[in-house]
$ cat start.cif   # mmCIF, C-alpha atoms and all ligand atoms
data_input
#
loop_
_atom_site.label_atom_id
_atom_site.label_comp_id
_atom_site.auth_asym_id
_atom_site.auth_seq_id
_atom_site.Cartn_x
_atom_site.Cartn_y
_atom_site.Cartn_z
CA MET B 457 12.21 4.70 18.14
CA ARG B 458 13.48 1.41 16.67
CA VAL B 459 11.23 0.25 13.84
CA MET B 460 11.50 -2.94 11.78
CA VAL B 461 10.00 -2.79 8.29
CA THR B 462 9.19 -6.10 6.60
CA GLY B 463 9.23 -5.73 2.82
CA GLY B 464 11.06 -2.44 3.29
CA PHE B 465 12.76 -2.53 -0.11
CA GLY B 466 9.48 -2.76 -2.06
CA VAL B 467 7.45 -0.04 -3.80
CA ASN B 468 5.76 1.23 -0.64
CA GLY B 469 8.40 0.03 1.81
CA ALA B 470 11.09 2.19 0.19
CA TRP B 471 9.13 5.34 1.06
CA VAL B 472 8.24 4.08 4.53
CA VAL B 473 11.95 3.58 5.21
CA ARG B 474 12.74 7.10 3.94
CA GLU B 475 9.91 8.62 5.97
CA LEU B 476 11.02 6.92 9.22
CA LEU B 477 14.70 7.76 8.71
CA GLY B 478 13.73 11.33 7.83
CA ARG B 479 11.91 11.58 11.15
CA GLY B 480 15.05 10.45 12.97
CA HIS B 481 14.16 6.84 13.78
CA GLU B 482 16.34 3.73 13.73
CA VAL B 483 15.20 1.43 10.95
CA SER B 484 15.84 -2.23 10.23
CA VAL B 485 14.48 -4.05 7.20
CA PHE B 486 13.46 -7.71 6.94
CA GLU B 487 13.43 -8.61 3.24
CA SER B 488 13.55 -11.76 1.15
CA ARG B 489 16.11 -10.21 -1.23
CA ASP B 490 18.82 -7.60 -1.02
CA ASP B 491 17.66 -5.75 -4.15
CA THR B 492 18.28 -2.12 -3.19
CA SER B 493 17.29 -0.64 -6.56
CA LEU B 494 14.33 1.29 -5.06
CA VAL B 495 16.25 2.47 -1.96
CA GLU B 496 19.78 3.18 -3.18
CA ASP B 497 19.86 6.58 -1.46
CA VAL B 498 19.08 5.16 2.01
CA ALA B 499 20.09 1.47 1.90
CA GLY B 500 23.29 2.23 3.80
CA GLU B 501 21.35 3.74 6.70
CA VAL B 502 19.33 0.63 7.59
CA GLU B 503 20.23 -2.71 9.08
CA LEU B 504 19.13 -5.34 6.56
CA VAL B 505 18.15 -8.88 7.48
CA VAL B 506 17.64 -11.08 4.42
CA GLY B 507 15.07 -13.72 5.31
CA ASP B 508 11.63 -15.10 4.60
CA ILE B 509 8.64 -14.21 6.80
CA ARG B 510 7.39 -17.77 6.26
CA GLU B 511 10.39 -18.96 8.31
CA ALA B 512 9.12 -18.37 11.84
CA GLY B 513 12.46 -19.05 13.54
CA GLN B 514 14.41 -16.75 11.22
CA LEU B 515 11.95 -13.91 11.77
CA ALA B 516 11.71 -14.44 15.55
CA GLY B 517 15.52 -14.46 15.78
CA ALA B 518 15.78 -11.14 13.93
CA VAL B 519 13.05 -9.50 16.02
CA SER B 520 14.51 -10.67 19.33
CA ARG B 521 18.00 -9.48 18.30
CA LEU B 522 16.97 -6.09 16.92
CA ARG B 523 14.29 -5.39 19.57
CA PRO B 524 12.10 -3.00 17.54
CA GLU B 525 9.38 -1.15 19.41
CA CYS B 526 7.21 -1.29 16.30
CA ILE B 527 7.03 -3.57 13.25
CA VAL B 528 5.63 -2.14 10.02
CA HIS B 529 4.60 -5.22 8.09
CA LEU B 530 4.56 -4.76 4.31
CA ALA B 531 6.05 -8.03 3.05
CA ALA B 532 3.36 -9.73 0.99
CA VAL B 533 2.47 -11.28 -2.34
CA VAL B 534 0.24 -8.99 -4.41
CA GLU B 535 -0.47 -11.30 -7.39
CA CYS B 536 -2.32 -14.11 -5.57
CA GLU B 537 -4.53 -15.86 -8.14
CA ARG B 538 -1.80 -17.83 -9.91
CA ASP B 539 -0.48 -19.57 -6.79
CA PRO B 540 -3.04 -19.21 -4.02
CA TYR B 541 -1.21 -21.54 -1.64
CA ALA B 542 1.96 -19.44 -1.81
CA ALA B 543 -0.12 -16.28 -1.34
CA ILE B 544 -1.81 -17.72 1.76
CA SER B 545 1.46 -18.90 3.25
CA VAL B 546 3.14 -15.49 2.82
CA ASN B 547 0.21 -13.13 3.46
CA VAL B 548 -1.52 -15.08 6.23
CA GLY B 549 1.13 -17.47 7.59
CA GLY B 550 3.83 -14.79 7.36
CA THR B 551 1.60 -12.31 9.19
CA ALA B 552 0.99 -14.88 11.94
CA ASN B 553 4.77 -15.28 12.24
CA VAL B 554 5.17 -11.49 12.54
CA CYS B 555 2.55 -11.40 15.31
CA ALA B 556 4.11 -14.36 17.17
CA ALA B 557 7.61 -12.89 16.92
CA ALA B 558 6.32 -9.50 18.09
CA THR B 559 4.58 -11.06 21.08
CA ALA B 560 7.64 -13.07 22.10
CA ALA B 561 9.98 -10.06 21.86
CA GLY B 562 7.69 -7.54 23.58
CA VAL B 563 7.13 -5.38 20.50
CA LYS B 564 4.59 -2.65 21.30
CA ARG B 565 2.80 -2.27 17.95
CA VAL B 566 2.42 -4.06 14.61
CA VAL B 567 1.18 -1.99 11.66
CA HIS B 568 -0.05 -4.21 8.85
CA THR B 569 -0.55 -2.99 5.29
CA SER B 570 -3.94 -4.19 4.13
CA SER B 571 -5.85 -3.09 1.07
CA LYS B 572 -9.07 -1.87 -0.48
CA ALA B 573 -9.23 -5.45 -1.81
CA VAL B 574 -10.95 -6.44 1.46
CA TYR B 575 -14.02 -4.52 0.17
CA ALA B 576 -13.99 -5.98 -3.35
CA PRO B 577 -16.05 -6.71 -5.36
CA ALA B 578 -17.38 -3.15 -5.38
CA THR B 579 -20.89 -3.94 -6.61
CA GLY B 580 -24.16 -1.98 -6.27
CA GLN B 581 -23.83 1.46 -4.68
CA ARG B 582 -20.15 0.81 -3.93
CA GLY B 583 -19.23 0.70 -7.62
CA PHE B 584 -19.88 2.39 -10.96
CA PRO B 585 -21.47 4.92 -11.32
CA VAL B 586 -22.23 5.85 -7.67
CA TYR B 587 -18.97 4.95 -5.82
CA GLU B 588 -20.46 5.50 -2.38
CA PRO B 589 -17.51 5.91 0.02
CA ILE B 590 -16.85 2.71 1.97
CA SER B 591 -16.11 2.99 5.68
CA GLU B 592 -14.10 0.62 7.85
CA ASP B 593 -17.23 -0.89 9.41
CA ASP B 594 -18.74 -1.93 6.07
CA ASP B 595 -18.98 -5.59 5.05
CA LEU B 596 -15.86 -7.52 4.03
CA ARG B 597 -16.71 -10.22 1.52
CA PRO B 598 -13.76 -10.48 -0.85
CA THR B 599 -13.90 -12.97 -3.69
CA GLY B 600 -10.33 -12.56 -4.99
CA MET B 601 -7.50 -14.42 -3.27
CA TYR B 602 -5.57 -11.20 -2.55
CA GLY B 603 -8.52 -9.76 -0.60
CA ILE B 604 -9.16 -13.11 1.07
CA THR B 605 -5.58 -13.25 2.38
CA LYS B 606 -5.78 -9.63 3.58
CA VAL B 607 -9.01 -10.26 5.54
CA ALA B 608 -7.54 -13.44 7.02
CA ALA B 609 -4.35 -11.59 8.00
CA GLU B 610 -6.43 -8.81 9.58
CA ASN B 611 -8.33 -11.42 11.60
CA VAL B 612 -5.05 -12.94 12.80
CA LEU B 613 -3.87 -9.48 13.87
CA GLU B 614 -7.13 -8.78 15.66
CA TRP B 615 -6.75 -12.02 17.60
CA TYR B 616 -3.22 -11.06 18.69
CA GLY B 617 -4.48 -7.59 19.51
CA ARG B 618 -7.06 -9.07 21.88
CA ASN B 619 -4.93 -11.83 23.35
CA SER B 620 -1.44 -10.37 23.69
CA ALA B 621 0.19 -7.12 24.79
CA VAL B 622 0.94 -6.18 21.15
CA GLU B 623 -1.22 -3.46 19.63
CA CYS B 624 -2.18 -4.62 16.13
CA VAL B 625 -3.62 -2.45 13.38
CA SER B 626 -4.35 -2.79 9.67
CA LEU B 627 -4.24 0.08 7.19
CA ARG B 628 -6.43 -0.42 4.12
CA PHE B 629 -4.97 1.49 1.21
CA ALA B 630 -6.78 2.83 -1.81
CA THR B 631 -5.04 2.22 -5.15
CA VAL B 632 -1.44 3.31 -4.62
CA ILE B 633 0.53 5.01 -7.39
CA GLY B 634 4.28 5.34 -7.26
CA PRO B 635 7.53 4.53 -9.06
CA GLY B 636 8.68 0.92 -8.98
CA LYS B 637 5.34 -0.68 -9.74
CA LEU B 638 6.27 -1.36 -13.35
CA GLN B 639 9.36 -3.29 -12.26
CA ARG B 640 7.79 -5.07 -9.29
CA HIS B 641 4.16 -5.73 -10.27
CA ALA B 642 3.21 -7.28 -13.59
CA GLY B 643 -0.31 -7.06 -14.98
CA PRO B 644 -3.24 -4.74 -14.45
CA VAL B 645 -2.14 -3.28 -11.09
CA ASN B 646 0.49 -1.21 -12.85
CA THR B 647 -2.02 0.56 -15.14
CA TYR B 648 -1.59 3.99 -13.49
CA SER B 649 2.19 3.62 -13.48
CA SER B 650 2.17 2.74 -17.19
CA MET B 651 0.06 5.81 -17.88
CA ILE B 652 2.79 8.00 -16.39
CA GLU B 653 5.98 6.09 -17.16
CA LEU B 654 5.33 5.31 -20.84
CA PRO B 655 4.70 8.98 -21.79
CA ALA B 656 7.56 10.03 -19.49
CA SER B 657 9.89 8.01 -21.71
CA GLY B 658 8.32 9.27 -24.94
CA ARG B 659 6.16 6.19 -25.57
CA PRO B 660 2.39 6.21 -26.20
CA PHE B 661 -0.12 4.68 -23.75
CA THR B 662 -3.18 2.93 -25.16
CA MET B 663 -6.21 1.56 -23.33
CA GLU B 664 -9.13 0.11 -25.28
CA HIS B 665 -11.80 0.79 -22.66
CA GLY B 666 -12.22 2.01 -19.10
CA GLY B 667 -11.97 5.81 -19.34
CA ASP B 668 -15.22 6.34 -17.42
CA GLU B 669 -14.28 4.12 -14.48
CA ARG B 670 -13.42 6.01 -11.30
CA ASP B 671 -11.18 4.90 -8.47
CA GLY B 672 -9.60 6.29 -5.33
CA VAL B 673 -5.87 6.74 -5.88
CA ILE B 674 -3.20 7.75 -3.42
CA TYR B 675 0.42 8.70 -3.87
CA VAL B 676 3.08 6.49 -2.32
CA LEU B 677 4.56 9.37 -0.28
CA ASP B 678 1.17 9.89 1.37
CA VAL B 679 1.05 6.16 2.11
CA ALA B 680 4.41 6.44 3.87
CA ASP B 681 3.26 9.47 5.84
CA ALA B 682 0.12 7.62 6.98
CA ILE B 683 2.09 4.55 8.03
CA ALA B 684 4.63 6.63 9.95
CA ARG B 685 1.90 8.54 11.80
CA VAL B 686 0.22 5.32 12.91
CA ALA B 687 3.50 3.54 13.75
CA LEU B 688 4.79 6.44 15.85
CA ALA B 689 1.54 7.60 17.50
CA PRO B 690 2.19 7.96 21.23
CA GLU B 691 -1.41 7.20 22.28
CA PRO B 692 -3.07 3.76 22.16
CA LEU B 693 -4.92 3.28 18.87
CA ARG B 694 -8.70 3.45 18.98
CA HIS B 695 -9.41 1.04 16.10
CA HIS B 696 -8.00 -2.09 14.50
CA ALA B 697 -8.47 -0.86 10.92
CA TYR B 698 -8.14 2.45 9.08
CA ASN B 699 -8.77 3.37 5.45
CA VAL B 700 -5.93 5.34 3.91
CA ALA B 701 -7.61 7.30 1.13
CA SER B 702 -8.54 10.81 0.04
CA GLY B 703 -12.24 9.95 -0.02
CA SER B 704 -12.61 11.14 -3.60
CA THR B 705 -12.23 9.37 -6.94
CA VAL B 706 -10.71 10.17 -10.31
CA SER B 707 -11.71 8.68 -13.65
CA ILE B 708 -9.11 7.16 -15.94
CA SER B 709 -9.94 9.89 -18.51
CA GLU B 710 -9.37 12.62 -15.91
CA PHE B 711 -6.12 10.93 -14.89
CA ALA B 712 -5.01 10.94 -18.54
CA ASP B 713 -5.97 14.63 -18.88
CA ALA B 714 -3.89 15.49 -15.81
CA ILE B 715 -0.87 13.66 -17.30
CA ARG B 716 -1.28 15.51 -20.62
CA GLY B 717 -1.16 18.77 -18.66
CA ILE B 718 2.13 17.83 -16.98
CA ILE B 719 4.16 15.69 -19.37
CA PRO B 720 4.96 17.61 -22.55
CA GLY B 721 3.79 15.77 -25.68
CA ALA B 722 2.25 12.86 -23.71
CA VAL B 723 0.23 10.56 -25.96
CA LEU B 724 -2.54 8.69 -24.13
CA ASP B 725 -5.30 7.03 -26.11
CA VAL B 726 -8.02 6.01 -23.64
CA GLY B 727 -11.32 4.45 -24.73
CA SER B 728 -14.58 5.05 -22.86
CA GLY B 729 -16.45 2.52 -20.69
CA THR B 730 -15.58 0.69 -17.49
CA ASN B 731 -13.18 -1.90 -16.06
CA PRO B 732 -9.87 -0.58 -17.45
CA MET B 733 -7.90 -3.36 -15.76
CA ASN B 734 -10.15 -6.19 -17.00
CA MET B 735 -10.67 -7.40 -13.45
CA PRO B 736 -12.96 -10.43 -13.03
CA ASP B 737 -15.03 -8.50 -10.45
CA PRO B 738 -15.48 -4.72 -9.96
CA TYR B 739 -12.39 -3.45 -8.16
CA TYR B 740 -12.85 0.31 -8.40
CA MET B 741 -14.18 2.22 -5.42
CA ALA B 742 -14.03 5.19 -3.06
CA LEU B 743 -12.87 4.66 0.53
CA ASP B 744 -13.97 6.96 3.33
CA GLY B 745 -10.78 8.36 4.87
CA ALA B 746 -12.39 10.29 7.76
CA ARG B 747 -11.11 7.99 10.53
CA MET B 748 -7.45 8.55 9.62
CA GLU B 749 -8.01 12.30 9.52
CA GLU B 750 -9.85 12.43 12.85
CA GLU B 751 -7.37 10.32 14.78
CA PHE B 752 -4.04 11.14 13.14
CA GLY B 753 -4.67 14.47 11.42
CA TRP B 754 -3.67 12.73 8.21
CA ARG B 755 -4.78 14.06 4.83
CA PRO B 756 -3.05 13.38 1.50
CA ARG B 757 -0.45 16.08 0.84
CA TYR B 758 -0.29 15.18 -2.84
CA ASP B 759 -3.33 16.01 -4.94
CA LEU B 760 -3.45 14.44 -8.40
CA ASP B 761 -1.39 17.09 -10.20
CA ARG B 762 1.25 17.28 -7.49
CA ALA B 763 1.54 13.48 -7.33
CA ILE B 764 1.92 13.11 -11.10
CA ARG B 765 4.46 15.94 -11.25
CA HIS B 766 6.53 14.46 -8.41
CA TYR B 767 6.34 10.95 -9.94
CA TYR B 768 7.34 12.32 -13.36
CA ASP B 769 10.28 14.20 -11.85
CA LEU B 770 11.43 11.06 -10.06
CA VAL B 771 11.35 8.82 -13.13
CA THR B 772 13.05 11.43 -15.27
CA SER B 773 15.66 11.94 -12.51
CA ARG B 774 14.70 15.47 -11.79
CA PRO B 775 13.69 15.32 -8.13
CA SER B 776 11.55 18.29 -7.07
N1 LIG V 1 0.85 -1.03 -4.06
C1 LIG V 1 -0.44 -0.96 -3.80
O1 LIG V 1 -1.22 -0.46 -4.59
C2 LIG V 1 -0.97 -1.48 -2.51
C3 LIG V 1 -2.24 -1.15 -2.21
C4 LIG V 1 -2.75 -1.62 -1.03
C5 LIG V 1 -1.95 -2.38 -0.20
N2 LIG V 1 -0.69 -2.69 -0.52
C6 LIG V 1 0.09 -3.50 0.40
O2 LIG V 1 1.29 -2.82 0.74
C7 LIG V 1 2.33 -3.79 0.95
C8 LIG V 1 3.52 -3.47 0.09
O3 LIG V 1 3.12 -3.44 -1.26
P1 LIG V 1 4.15 -3.06 -2.39
O4 LIG V 1 3.37 -2.57 -3.54
O5 LIG V 1 5.20 -2.21 -1.82
O6 LIG V 1 4.70 -4.50 -2.74
P2 LIG V 1 6.19 -4.91 -3.20
O7 LIG V 1 6.07 -6.25 -3.85
O8 LIG V 1 6.81 -3.81 -3.98
O9 LIG V 1 6.95 -5.06 -1.83
C9 LIG V 1 6.82 -6.18 -1.01
C10 LIG V 1 8.20 -6.54 -0.52
O10 LIG V 1 8.07 -7.69 0.33
C11 LIG V 1 9.14 -8.56 0.06
N3 LIG V 1 8.67 -9.93 0.34
C12 LIG V 1 7.74 -10.62 -0.36
N4 LIG V 1 7.59 -11.85 0.18
C13 LIG V 1 8.43 -11.92 1.24
C14 LIG V 1 8.71 -12.93 2.18
N5 LIG V 1 8.12 -14.14 2.11
N6 LIG V 1 9.61 -12.68 3.17
C15 LIG V 1 10.25 -11.47 3.22
N7 LIG V 1 10.02 -10.48 2.34
C16 LIG V 1 9.11 -10.70 1.36
C17 LIG V 1 9.48 -8.38 -1.41
O11 LIG V 1 10.86 -8.67 -1.65
C18 LIG V 1 9.16 -6.91 -1.65
O12 LIG V 1 10.29 -6.09 -1.61
C19 LIG V 1 1.74 -5.15 0.66
O13 LIG V 1 1.35 -5.73 1.88
C20 LIG V 1 0.54 -4.83 -0.19
O14 LIG V 1 -0.44 -5.81 -0.08
C21 LIG V 1 -0.17 -2.25 -1.67
#
$ encode --input "start.cif" --output "structure tokens"
Amino acid sequence: MRVMVTGGFGVNGAWVVRELLGRGHEVSVFESRDDTSLVEDVAGEVELVVGDIREAGQLAGAVSRLRPECIVHLAAVVECERDPYAAISVNVGGTANVCAAATAAGVKRVVHTSSKAVYAPATGQRGFPVYEPISEDDDLRPTGMYGITKVAAENVLEWYGRNSAVECVSLRFATVIGPGKLQRHAGPVNTYSSMIELPASGRPFTMEHGGDERDGVIYVLDVADAIARVALAPEPLRHHAYNVASGSTVSISEFADAIRGIIPGAVLDVGSGTNPMNMPDPYYMALDGARMEEEFGWRPRYDLDRAIRHYYDLVTSRPS
């Protein structure tokens, strides 16, 4: 199958590209920059179009020329509070351009990467200390701009799904861990990456508070597997949204303990309490992943120890 991946050179996109190539598919990448630092091993195997998803004509031209059967849409802005207008134009306007280009070119399916942020803030039973698993049919009332843009983008996709021949679906990821986040994402979202990458390079990790907070985390290779299964599924999809999550949670203290067990001499000083990332609203939660398992047979292949070990091997250049 021919698949176009928007944002295919990013933290998640890099593994989506590898997963699709590994399964024998023809991959093109639509990216705003030709920074191949996260995909050096496979960059030569994809057709790259450098462009901006906000430019409808540019995107439509690439889609009509490359004729993908599926578009996996990852290009987005993750830090949205500083410049909300830019975030809306990329995450919502860009998604509308993807849908319009897909419709015009007869693309069969668009797979959009959404987020647990659509369920935030995780207050009451959804948050500390209960973390009741959240299913896809639960309420979406995000207060942060990132979650707001993801819900709006999902609504745009749903409209195209109802009113065009393109099948549109959104995958809502739990907190993703994987190499590249430190380089690509500043601020609190790279907490888990810092916890692994600082000790991996012999540096200490310190967190004043937050060790008791739990969250659902998922390894980036499992994200890529989930995306590939949905993108390549031969049957029509039964839903417009799927959580991609293990269903369980891990506390920051447990995460630190797991790292200490894997990285020799790791120094992690983690204080107790909640809200390790100092988020304005509770952002830590458990997603119910049953729908993905039932329909696609997908379960995470990387438990916490295996994910940390693989991540550590990657950043210390000792691939397992
Ligand atoms: N990393 C996570 O924890 C996480 C969790 C849930 C959902 N997601 C979603 O997964 C997707 C990918 O996330 P990521 O962590 O890989 O992000 P990333 O920033 O590493 O990758 C995004 C890529 O999109 C490209 N891009 C950005 N704006 C563009 C534009 N206007 N036109 C063309 N390309 C553009 C960037 O160059 C970048 O390579 C995003 O949609 C994100 O919201 C990520």
$ residues_near_ligand --input "start.cif" --ligand "ligand LIG 1 (chain V)" --cutoff "6 Å" --atoms "only C-alpha atoms and all ligand atoms" --output "list of chain:residue names"
B:Gly463, B:Phe465, B:Gly466, B:Val467, B:Asn468, B:Gly469, B:Glu487, B:Ser488, B:Arg489, B:Gly507, B:Asp508, B:Ile509, B:Arg510, B:Leu530, B:Ala531, B:Ala532, B:Val533, B:Val534, B:Val546, B:Thr569, B:Ser570, B:Ser571, B:Phe629, B:Thr631, B:Val632, B:Arg640
$ closest_atom_pairs --input "start.cif" --of "range 710-774 of chain B" --to "range 681-700 of chain B" --cutoff "9 Å" --atoms "only C-alpha atoms" --output "Markdown table"
| residue | atom | partner | partner_atom | distance |
| --- | --- | --- | --- | --- |
| B:Leu743 | CA | B:Asn699 | CA | 6.5 |
| B:Asp744 | CA | B:Asn699 | CA | 6.7 |
| B:Gly745 | CA | B:Asn699 | CA | 5.4 |
| B:Ala746 | CA | B:Asn699 | CA | 8.1 |
| B:Arg747 | CA | B:Tyr698 | CA | 6.5 |
| B:Met748 | CA | B:Tyr698 | CA | 6.2 |
| B:Glu751 | CA | B:Arg694 | CA | 8.2 |
| B:Phe752 | CA | B:Arg685 | CA | 6.6 |
| B:Gly753 | CA | B:Arg685 | CA | 8.9 |
| B:Trp754 | CA | B:Ala682 | CA | 6.5 |
| B:Arg755 | CA | B:Ala682 | CA | 8.4 |
| B:Pro756 | CA | B:Ala682 | CA | 8.6 |
$ atom_distance --input "start.cif" --atom1 "CA of Phe711 in chain B" --atom2 "CA of Ser650 in chain B"
11.9 Å
$ closest_residue --input "start.cif" --among "B:Ala609, B:Gly583, B:Asp594, B:Glu501" --to "His529 in chain B" --atoms "all atoms listed in the file"
B:Ala609
$ closest_residue --input "start.cif" --among "B:Ser709, B:Ser702, B:Ser620, B:Thr599" --to "Tyr648 in chain B" --atoms "only C-alpha atoms"
B:Ser709
$ closest_residue --input "start.cif" --among "B:Glu537, B:Asp668, B:Glu475, B:Asp761" --to "Ser707 in chain B" --atoms "all atoms listed in the file"
B:Asp668
$ atom_distance --input "start.cif" --atom1 "CA of Cys555 in chain B" --atom2 "CA of Val622 in chain B"
8.0 Å
$ atom_distance --input "start.cif" --atom1 "CA of Phe486 in chain B" --atom2 "CA of Gly464 in chain B"
6.8 Å
$ closest_residue --input "start.cif" --among "B:Tyr675, B:Phe584, B:Trp471, B:Tyr767" --to "Tyr740 in chain B" --atoms "only C-alpha atoms"
B:Phe584
$ closest_residue --input "start.cif" --among "B:Ala742, B:Cys536, B:Ala470, B:Val459" --to "Glu503 in chain B" --atoms "all atoms listed in the file"
B:Val459
$ closest_residue --input "start.cif" --among "B:Ile527, B:Ala608, B:Leu596, B:Ala558" --to "Ile544 in chain B" --atoms "all atoms listed in the file"
B:Ala608
$ decode --input "start.cif" --residues "range 476-544 of chain B" --atoms "C-alpha atoms" --output "CSV table (one decimal), in the first residue's frame"
chain,number,residue,atom,x,y,z
B,476,LEU,CA,5.3,0.8,7.5
B,477,LEU,CA,8.6,0.2,5.6
B,478,GLY,CA,9.3,-2.9,7.7
B,479,ARG,CA,5.9,-4.2,6.6
B,480,GLY,CA,6.7,-3.7,3.0
B,481,HIS,CA,4.7,-0.6,2.2
B,482,GLU,CA,5.6,2.4,0.0
B,483,VAL,CA,6.0,5.5,2.2
B,484,SER,CA,6.1,9.2,1.5
B,485,VAL,CA,6.6,11.9,4.1
B,486,PHE,CA,5.2,15.4,4.1
B,487,GLU,CA,7.3,17.5,6.5
B,488,SER,CA,8.0,21.1,7.2
B,489,ARG,CA,11.7,20.5,7.5
B,490,ASP,CA,14.2,18.0,6.1
B,491,ASP,CA,15.8,17.2,9.5
B,492,THR,CA,16.5,13.5,9.2
B,493,SER,CA,18.2,13.2,12.6
B,494,LEU,CA,15.6,10.8,14.0
B,495,VAL,CA,15.3,8.7,10.8
B,496,GLU,CA,18.8,8.5,9.4
B,497,ASP,CA,18.6,4.7,8.9
B,498,VAL,CA,15.4,4.9,6.7
B,499,ALA,CA,15.4,8.5,5.2
B,500,GLY,CA,16.7,7.2,1.9
B,501,GLU,CA,13.8,4.8,1.5
B,502,VAL,CA,11.0,7.4,1.6
B,503,GLU,CA,9.9,10.1,-0.8
B,504,LEU,CA,10.1,13.4,1.1
B,505,VAL,CA,8.0,16.4,0.3
B,506,VAL,CA,9.0,19.5,2.3
B,507,GLY,CA,6.0,21.6,2.8
B,508,ASP,CA,3.6,23.1,5.3
B,509,ILE,CA,0.2,21.5,6.1
B,510,ARG,CA,-1.2,25.0,6.5
B,511,GLU,CA,-0.6,25.5,2.7
B,512,ALA,CA,-3.7,23.8,1.3
B,513,GLY,CA,-2.4,23.9,-2.3
B,514,GLN,CA,1.0,22.6,-1.5
B,515,LEU,CA,-0.5,19.7,0.4
B,516,ALA,CA,-3.2,18.9,-2.2
B,517,GLY,CA,-0.6,18.9,-4.9
B,518,ALA,CA,1.6,16.4,-3.1
B,519,VAL,CA,-1.4,14.1,-2.3
B,520,SER,CA,-2.7,14.2,-5.9
B,521,ARG,CA,0.8,13.5,-7.3
B,522,LEU,CA,1.7,10.7,-4.8
B,523,ARG,CA,-1.8,9.1,-4.7
B,524,PRO,CA,-1.5,7.5,-1.3
B,525,GLU,CA,-4.3,5.1,-0.3
B,526,CYS,CA,-3.9,6.2,3.3
B,527,ILE,CA,-2.6,9.3,5.1
B,528,VAL,CA,-1.2,9.0,8.6
B,529,HIS,CA,-1.5,12.5,9.9
B,530,LEU,CA,1.0,13.3,12.7
B,531,ALA,CA,2.1,16.8,11.8
B,532,ALA,CA,1.1,19.1,14.7
B,533,VAL,CA,2.2,21.6,17.3
B,534,VAL,CA,2.4,20.1,20.8
B,535,GLU,CA,3.3,23.2,22.8
B,536,CYS,CA,0.1,25.2,22.2
B,537,GLU,CA,-0.3,27.7,25.0
B,538,ARG,CA,2.4,30.2,24.0
B,539,ASP,CA,0.9,30.8,20.5
B,540,PRO,CA,-2.6,29.5,20.4
B,541,TYR,CA,-3.4,31.0,17.0
B,542,ALA,CA,-0.4,29.1,15.4
B,543,ALA,CA,-1.5,25.9,17.2
B,544,ILE,CA,-5.1,26.3,15.9
